[in-house]
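File shown: structure.tsv (TSV, C-alpha atoms and all ligand atoms).
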```
chain	number	residue	atom	x	y	z
A	20	MET	CA	80.25	62.83	96.60
A	21	PRO	CA	78.98	65.36	99.19
A	22	ALA	CA	78.00	68.75	97.79
A	23	SER	CA	80.44	70.59	100.08
A	24	ILE	CA	83.43	68.61	98.66
A	25	ARG	CA	82.22	69.19	95.09
A	26	ALA	CA	81.97	72.94	95.81
A	27	THR	CA	85.52	73.01	97.26
A	28	MET	CA	86.92	71.12	94.24
A	29	ALA	CA	85.16	73.50	91.85
A	30	GLN	CA	86.57	76.47	93.75
A	31	TYR	CA	90.16	75.11	93.49
A	32	SER	CA	89.71	74.29	89.79
A	33	ILE	CA	88.61	77.84	89.05
A	34	LYS	CA	91.56	79.23	91.03
A	35	TRP	CA	94.03	76.97	89.14
A	36	LEU	CA	92.51	77.94	85.82
A	37	ALA	CA	92.77	81.63	86.69
A	38	GLU	CA	96.45	81.24	87.64
A	39	LEU	CA	97.19	79.31	84.42
A	40	LEU	CA	95.48	81.98	82.34
A	41	ASN	CA	97.43	84.61	84.24
A	42	LEU	CA	100.73	82.92	83.30
A	43	ALA	CA	99.70	82.32	79.68
A	44	PHE	CA	98.27	85.83	79.24
A	45	PRO	CA	100.06	88.04	81.79
A	46	PRO	CA	98.11	91.10	82.93
A	47	ARG	CA	98.88	94.44	81.33
A	48	CYS	CA	99.69	97.31	83.68
A	49	PRO	CA	96.98	99.93	83.02
A	50	ALA	CA	99.50	102.73	83.67
A	51	CYS	CA	102.57	101.82	81.55
A	52	LEU	CA	100.85	99.14	79.42
A	53	SER	CA	103.71	96.65	80.00
A	54	THR	CA	102.89	93.02	80.85
A	55	TRP	CA	104.27	91.21	83.84
A	56	PRO	CA	103.66	87.60	84.84
A	57	HIS	CA	102.46	87.68	88.40
A	58	PRO	CA	100.17	84.85	89.45
A	59	GLY	CA	97.40	85.98	91.71
A	60	LEU	CA	97.34	89.58	90.49
A	61	SER	CA	95.06	90.92	87.81
A	62	ALA	CA	95.20	93.94	85.54
A	63	ASP	CA	93.40	95.78	88.32
A	64	PHE	CA	96.82	96.45	89.84
A	65	LEU	CA	99.67	98.68	88.68
A	66	CYS	CA	102.93	96.85	87.90
A	67	PRO	CA	105.70	96.90	90.53
A	68	ASP	CA	107.75	99.45	88.53
A	69	CYS	CA	104.83	101.91	88.40
A	70	LEU	CA	104.05	101.38	92.09
A	71	ASP	CA	107.70	102.11	92.92
A	72	ALA	CA	107.63	105.29	90.85
A	73	LEU	CA	104.66	106.81	92.73
A	74	ASN	CA	105.50	109.61	95.15
A	75	PRO	CA	103.31	109.45	98.25
A	76	ILE	CA	102.80	112.64	100.24
A	77	VAL	CA	104.60	112.20	103.54
A	78	GLY	CA	106.05	114.57	106.13
A	79	SER	CA	104.57	117.59	107.82
A	80	LEU	CA	101.40	119.19	106.45
A	81	CYS	CA	98.95	122.01	107.04
A	82	LEU	CA	96.41	120.58	109.48
A	83	ASP	CA	93.50	121.94	107.45
A	84	CYS	CA	94.27	122.24	103.73
A	85	GLY	CA	96.87	119.44	103.72
A	86	ARG	CA	99.52	121.52	101.92
A	87	PRO	CA	102.85	119.70	102.41
A	88	PHE	CA	105.59	121.74	104.09
A	89	GLY	CA	109.26	121.56	103.15
A	90	PRO	CA	111.73	119.15	104.75
A	91	GLY	CA	112.74	121.88	107.25
A	92	GLU	CA	109.30	121.76	108.91
A	93	GLN	CA	109.03	118.99	111.48
A	94	TYR	CA	105.51	119.46	112.79
A	95	ASP	CA	102.01	119.76	111.33
A	96	HIS	CA	100.43	123.20	111.82
A	97	LEU	CA	98.05	125.59	110.07
A	98	CYS	CA	99.52	127.30	107.00
A	99	GLY	CA	99.33	131.09	106.58
A	100	ASP	CA	96.51	130.81	104.05
A	101	CYS	CA	94.31	128.75	106.40
A	102	LEU	CA	95.05	131.13	109.28
A	103	VAL	CA	93.89	134.10	107.16
A	104	THR	CA	90.95	132.29	105.50
A	105	PRO	CA	89.67	129.29	107.49
A	106	LYS	CA	88.52	126.53	105.13
A	107	LYS	CA	85.04	125.02	104.97
A	108	CYS	CA	86.41	121.70	103.73
A	109	ARG	CA	88.76	120.49	106.42
A	110	PRO	CA	90.87	118.59	106.65
A	111	ILE	CA	91.87	117.91	103.05
A	112	ARG	CA	94.27	115.01	102.53
A	113	SER	CA	95.85	113.70	99.34
A	114	VAL	CA	97.67	110.43	98.77
A	115	LEU	CA	100.17	111.12	95.97
A	116	LYS	CA	102.15	113.98	94.52
A	117	TYR	CA	100.81	114.96	91.12
A	118	GLN	CA	103.96	113.96	89.28
A	119	GLY	CA	105.34	111.31	86.92
A	120	VAL	CA	103.37	108.06	86.74
A	121	ALA	CA	100.48	109.38	88.85
A	122	ARG	CA	100.10	112.46	86.66
A	123	GLU	CA	100.27	110.45	83.41
A	124	ALA	CA	97.81	107.86	84.74
A	125	ILE	CA	95.27	110.49	85.84
A	126	ASN	CA	95.53	112.34	82.54
A	127	ARG	CA	95.01	109.15	80.55
A	128	PHE	CA	92.13	108.17	82.82
A	129	LYS	CA	90.35	111.53	82.51
A	130	TYR	CA	91.25	112.92	79.12
A	131	GLY	CA	92.12	109.66	77.35
A	132	GLN	CA	88.94	108.14	78.80
A	133	ASP	CA	90.83	105.00	79.87
A	134	VAL	CA	88.57	103.68	82.61
A	135	SER	CA	90.77	100.60	83.13
A	136	LEU	CA	92.78	102.90	85.41
A	137	ALA	CA	89.83	103.41	87.77
A	138	PRO	CA	90.29	100.19	89.83
A	139	PRO	CA	94.04	100.55	90.58
A	140	LEU	CA	93.81	104.29	91.23
A	141	GLY	CA	90.65	103.79	93.30
A	142	ARG	CA	92.41	101.20	95.44
A	143	ILE	CA	95.27	103.61	96.12
A	144	LEU	CA	92.69	106.22	97.14
A	145	GLY	CA	91.06	103.57	99.38
A	146	ILE	CA	94.36	103.19	101.22
A	147	GLY	CA	94.32	106.97	101.77
A	148	LEU	CA	90.80	106.69	103.13
A	149	LEU	CA	91.92	104.15	105.71
A	150	VAL	CA	95.16	105.96	106.57
A	151	HIS	CA	93.81	109.49	106.92
A	152	PHE	CA	90.24	109.03	108.15
A	153	GLY	CA	88.78	106.85	110.88
A	154	MET	CA	86.03	104.84	109.20
A	155	ALA	CA	83.89	105.23	112.32
A	156	GLU	CA	84.02	108.99	111.77
A	157	ILE	CA	82.57	108.90	108.23
A	158	ASP	CA	78.85	108.81	107.51
A	159	MET	CA	78.95	109.39	103.79
A	160	ILE	CA	81.23	109.71	100.76
A	161	ILE	CA	80.28	112.15	98.02
A	162	PRO	CA	82.29	112.48	94.79
A	163	VAL	CA	82.78	115.99	93.41
A	164	PRO	CA	80.21	116.25	90.59
A	165	LEU	CA	80.73	117.28	86.97
A	166	HIS	CA	78.34	119.53	85.13
A	167	ILE	CA	75.99	117.59	82.84
A	168	THR	CA	77.62	119.01	79.69
A	169	ARG	CA	81.08	117.77	80.80
A	170	LEU	CA	79.55	114.44	81.82
A	171	ARG	CA	78.04	114.03	78.35
A	172	THR	CA	81.42	114.67	76.71
A	173	ARG	CA	83.46	112.44	79.01
A	174	GLN	CA	80.78	109.81	79.57
A	175	PHE	CA	81.93	109.22	83.14
A	176	ASN	CA	82.80	111.13	86.29
A	177	GLN	CA	86.33	110.18	87.33
A	178	SER	CA	85.67	111.17	90.97
A	179	TYR	CA	82.60	108.93	91.13
A	180	LEU	CA	84.55	105.93	89.78
A	181	LEU	CA	87.47	106.57	92.15
A	182	ALA	CA	85.09	106.98	95.12
A	183	GLY	CA	83.35	103.70	94.29
A	184	TYR	CA	86.57	101.67	94.16
A	185	ALA	CA	87.99	103.45	97.22
A	186	ALA	CA	84.85	102.74	99.24
A	187	GLY	CA	84.89	99.12	98.04
A	188	TYR	CA	88.49	98.75	99.20
A	189	ALA	CA	87.81	100.37	102.57
A	190	GLY	CA	84.60	98.40	103.19
A	191	ARG	CA	81.64	99.80	101.33
A	192	LYS	CA	79.06	98.80	103.92
A	193	ALA	CA	80.75	101.02	106.46
A	194	VAL	CA	80.84	103.98	104.10
A	195	PRO	CA	77.79	104.57	101.92
A	196	LEU	CA	78.16	106.50	98.71
A	197	LEU	CA	75.45	109.03	98.18
A	198	TRP	CA	75.17	109.94	94.53
A	199	PRO	CA	74.07	112.42	93.27
A	200	ALA	CA	73.58	114.26	96.54
A	201	LEU	CA	75.60	117.13	95.14
A	202	LYS	CA	74.93	118.59	91.73
A	203	LYS	CA	76.97	121.02	89.63
A	204	ILE	CA	74.48	123.54	88.31
A	205	ARG	CA	76.59	125.75	86.10
A	206	VAL	CA	79.67	125.42	83.91
A	207	THR	CA	82.71	127.08	85.44
A	208	SER	CA	85.39	128.70	83.34
A	209	ASN	CA	89.00	127.56	83.20
A	210	GLN	CA	90.81	128.62	86.35
A	211	ALA	CA	94.19	129.09	84.64
A	212	GLY	CA	95.75	132.40	85.49
A	213	LEU	CA	93.21	133.26	88.20
A	214	ASP	CA	94.40	134.28	91.64
A	215	ALA	CA	93.04	132.60	94.77
A	216	TYR	CA	90.19	135.10	95.17
A	217	ALA	CA	89.15	134.82	91.51
A	218	ARG	CA	89.19	130.99	91.73
A	219	ARG	CA	86.85	131.08	94.70
A	220	ARG	CA	84.56	133.47	92.83
A	221	ASN	CA	84.65	131.24	89.74
A	222	VAL	CA	83.16	128.24	91.56
A	223	ARG	CA	80.92	130.28	93.88
A	224	GLU	CA	77.35	128.88	93.91
A	225	ALA	CA	78.22	126.35	91.20
A	226	PHE	CA	76.86	123.46	93.30
A	227	LEU	CA	73.52	122.53	94.83
A	228	VAL	CA	72.11	119.83	97.11
A	229	PRO	CA	68.84	118.73	95.40
A	230	GLU	CA	65.88	119.09	97.73
A	231	LYS	CA	65.18	115.34	97.84
A	232	PHE	CA	68.67	114.71	99.33
A	233	GLN	CA	68.65	117.50	101.92
A	234	ARG	CA	67.15	115.36	104.68
A	235	GLN	CA	69.79	112.65	104.14
A	236	ILE	CA	72.62	115.19	104.31
A	237	ARG	CA	71.50	116.78	107.58
A	238	GLY	CA	73.82	116.10	110.51
A	239	LYS	CA	76.13	113.84	108.46
A	240	ARG	CA	79.93	113.74	108.51
A	241	ILE	CA	80.87	113.77	104.83
A	242	ILE	CA	84.05	113.12	102.86
A	243	LEU	CA	84.30	114.66	99.42
A	244	ILE	CA	86.34	112.72	96.88
A	245	ASP	CA	88.17	114.24	93.91
A	246	ASP	CA	91.03	113.17	91.66
A	247	VAL	CA	93.36	116.17	92.05
A	248	CYS	CA	93.50	119.01	94.56
A	249	THR	CA	95.01	122.10	93.00
A	250	THR	CA	93.95	125.09	95.08
A	251	GLY	CA	91.20	123.44	97.14
A	252	SER	CA	88.66	126.04	95.97
A	253	THR	CA	86.33	123.45	94.37
A	254	LEU	CA	86.35	121.24	97.48
A	255	ASP	CA	85.76	124.30	99.64
A	256	GLU	CA	82.76	125.45	97.60
A	257	CYS	CA	81.28	121.92	97.64
A	258	ALA	CA	81.76	121.89	101.42
A	259	ARG	CA	80.11	125.31	101.82
A	260	THR	CA	77.09	124.03	99.88
A	261	LEU	CA	76.83	120.85	101.96
A	262	LEU	CA	77.27	122.68	105.27
A	263	THR	CA	74.57	125.18	104.27
A	264	ALA	CA	72.31	122.18	103.56
A	265	GLY	CA	72.90	120.97	107.13
A	266	ALA	CA	75.93	118.61	106.96
A	267	ALA	CA	77.73	118.35	110.32
A	268	SER	CA	81.24	118.39	108.81
A	269	VAL	CA	82.89	118.07	105.44
A	270	SER	CA	86.44	116.89	104.76
A	271	GLY	CA	88.18	116.08	101.49
A	272	LEU	CA	90.32	113.30	100.08
A	273	THR	CA	92.00	113.44	96.70
A	274	LEU	CA	94.22	110.97	94.92
A	275	CYS	CA	96.81	113.62	94.00
A	276	ARG	CA	97.88	117.08	94.98
A	277	THR	CA	99.80	119.60	92.95
A	278	LEU	CA	102.87	120.85	94.73
A	279	ASP	CA	104.34	123.68	92.72
A	280	ARG	CA	103.44	126.31	90.20
A	281	ASP	CA	104.27	124.09	87.19
A	282	ASP	CA	101.97	121.31	88.39
A	283	ARG	CA	99.18	123.79	89.08
A	284	SER	CA	99.48	125.38	85.65
A	285	ALA	CA	99.32	121.93	84.06
A	286	VAL	CA	96.09	121.09	85.86
A	287	LEU	CA	94.49	124.48	85.57
A	288	GLY	CA	95.28	124.61	81.88
A	289	ILE	CA	93.46	121.42	81.00
A	290	SER	CA	90.69	120.97	83.59
A	301	ZN	ZN	103.30	99.84	84.99
A	302	ZN	ZN	96.45	125.30	104.99
```
Rewrite the structure of this file - the entire thing - as structure tokens.
Amino acid sequence: MPASIRATMAQYSIKWLAELLNLAFPPRCPACLSTWPHPGLSADFLCPDCLDALNPIVGSLCLDCGRPFGPGEQYDHLCGDCLVTPKKCRPIRSVLKYQGVAREAINRFKYGQDVSLAPPLGRILGIGLLVHFGMAEIDMIIPVPLHITRLRTRQFNQSYLLAGYAAGYAGRKAVPLLWPALKKIRVTSNQAGLDAYARRRNVREAFLVPEKFQRQIRGKRIILIDDVCTTGSTLDECARTLLTAGAASVSGLTLCRTLDRDDRSAVLGIS
């Protein structure tokens, strides 16, 4: 039998076996932990109920910081905050509202250290990468870094995992990850209760581009990746650091965005 036919038969056998296993042992949704028999899908996907329950950010936004406007606003424009204080990281775009399933999944991923959520959440972020940014306009993706002490406690950087899966979904060859081109050099205090000015001060000069990466950063169009955008102050400080090091432009993409005071308090209280 020719080798090409043998290879094709082996390929089909593996596919059949995978589908049979899928039916016998249905994948478990990493978000709600329920099982659902769905041939062809793996546990790398959220179940249909969880996907339905996600709230994507749609409608008019601030052109720079990505803050969603109310239903009364029909057009994108700059918000008052961006008019008063132009952002270094712009534009910032987020895929989902930080609510319900998305909020629970991110919290279990980060604080419950459940890394099985990285592939499905990373894929959703990858869709955001394709929707909001022209791949031809991106030279480099950089995840927002954690300080080494936080990294030792958590054992992983959620933004790095999300960025990896998002880049893989969007076509990794087209978008190189550069890690660790940005380093967090001091521990920042909890931002809960701080006003916008104090939050900016809190993260001021908390990041650094190591000297060996400075040449690679120069002239590059960079996208920063983070899990949640709360005030945008962390993304903005990362962008300021990268622009000072010679980056041509820095924009931001996050999986979720807080929308109201309650959401912000929840994030700021536990980050
Ligand atoms: Zn589910
Ligand atoms: Zn704005």
Please indicate the distance in Å from CA of Ala264 in chain A to CA of Lys231 in chain A, rounded to one decimal place.
-> 11.4 Å
Please write out the residues within 12 Å of ligand ZN 301 (chain A) as a PyMOL selection string, counting all atoms listed in the file.
-> chain A and resi 46-55+62-73+119-121+123-124+136+139
Here CA of Arg237 in chain A and CA of Ala267 in chain A stand apart by 7.0 Å
Write as a ChimeraX atom specification the residues around ligand ZN 302 (chain A), taking 9 Å as the cut-off and counting only C-alpha atoms and all ligand atoms.
-> /A:80-87,96-102,104-106,110-111
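Using all atoms listed in the file, the shortest contact distance between Tyr188 in chain A and any of A:Leu144, A:Ser208, A:Asn176, A:Ile160 is found at A:Leu144.
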Produce a table with one row for each residue of range 243-280 of chain A that has an atom at most 10 Å from any atom of range 213-230 of chain A, each row naming the nearest atom pair and its distance in Å at one decimal; use all atoms listed in the file; arrange rows by chain and rising residue number; format as a tab-separated table.
```
residue	atom	partner	partner_atom	distance
A:Thr250	CA	A:Ala215	CA	7.6
A:Gly251	CA	A:Arg219	CA	9.1
A:Ser252	CA	A:Arg219	CA	5.5
A:Thr253	CA	A:Val222	CA	6.4
A:Leu254	CA	A:Val222	CA	9.7
A:Asp255	CA	A:Arg219	CA	8.5
A:Glu256	CA	A:Arg223	CA	6.4
A:Cys257	CA	A:Phe226	CA	6.4
A:Ala258	CA	A:Phe226	CA	9.6
A:Arg259	CA	A:Glu224	CA	9.1
A:Thr260	CA	A:Leu227	CA	6.4
A:Leu261	CA	A:Val228	CA	6.8
A:Thr263	CA	A:Val228	CA	9.3
A:Ala264	CA	A:Val228	CA	6.9
```
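CA of Gly238 in chain A is positioned 12.5 Å from CA of Glu156 in chain A.
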With distances taken over only C-alpha atoms, the candidate from A:Gly89, A:Phe232, A:Arg240, A:Leu140 nearest Arg122 in chain A is A:Leu140
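Of the residues under consideration (A:Gly153, A:Gly145, A:Pro199, A:Pro162), A:Gly145 shows the shortest atom-to-atom contact distance to Ala185 in chain A when counting only C-alpha atoms.
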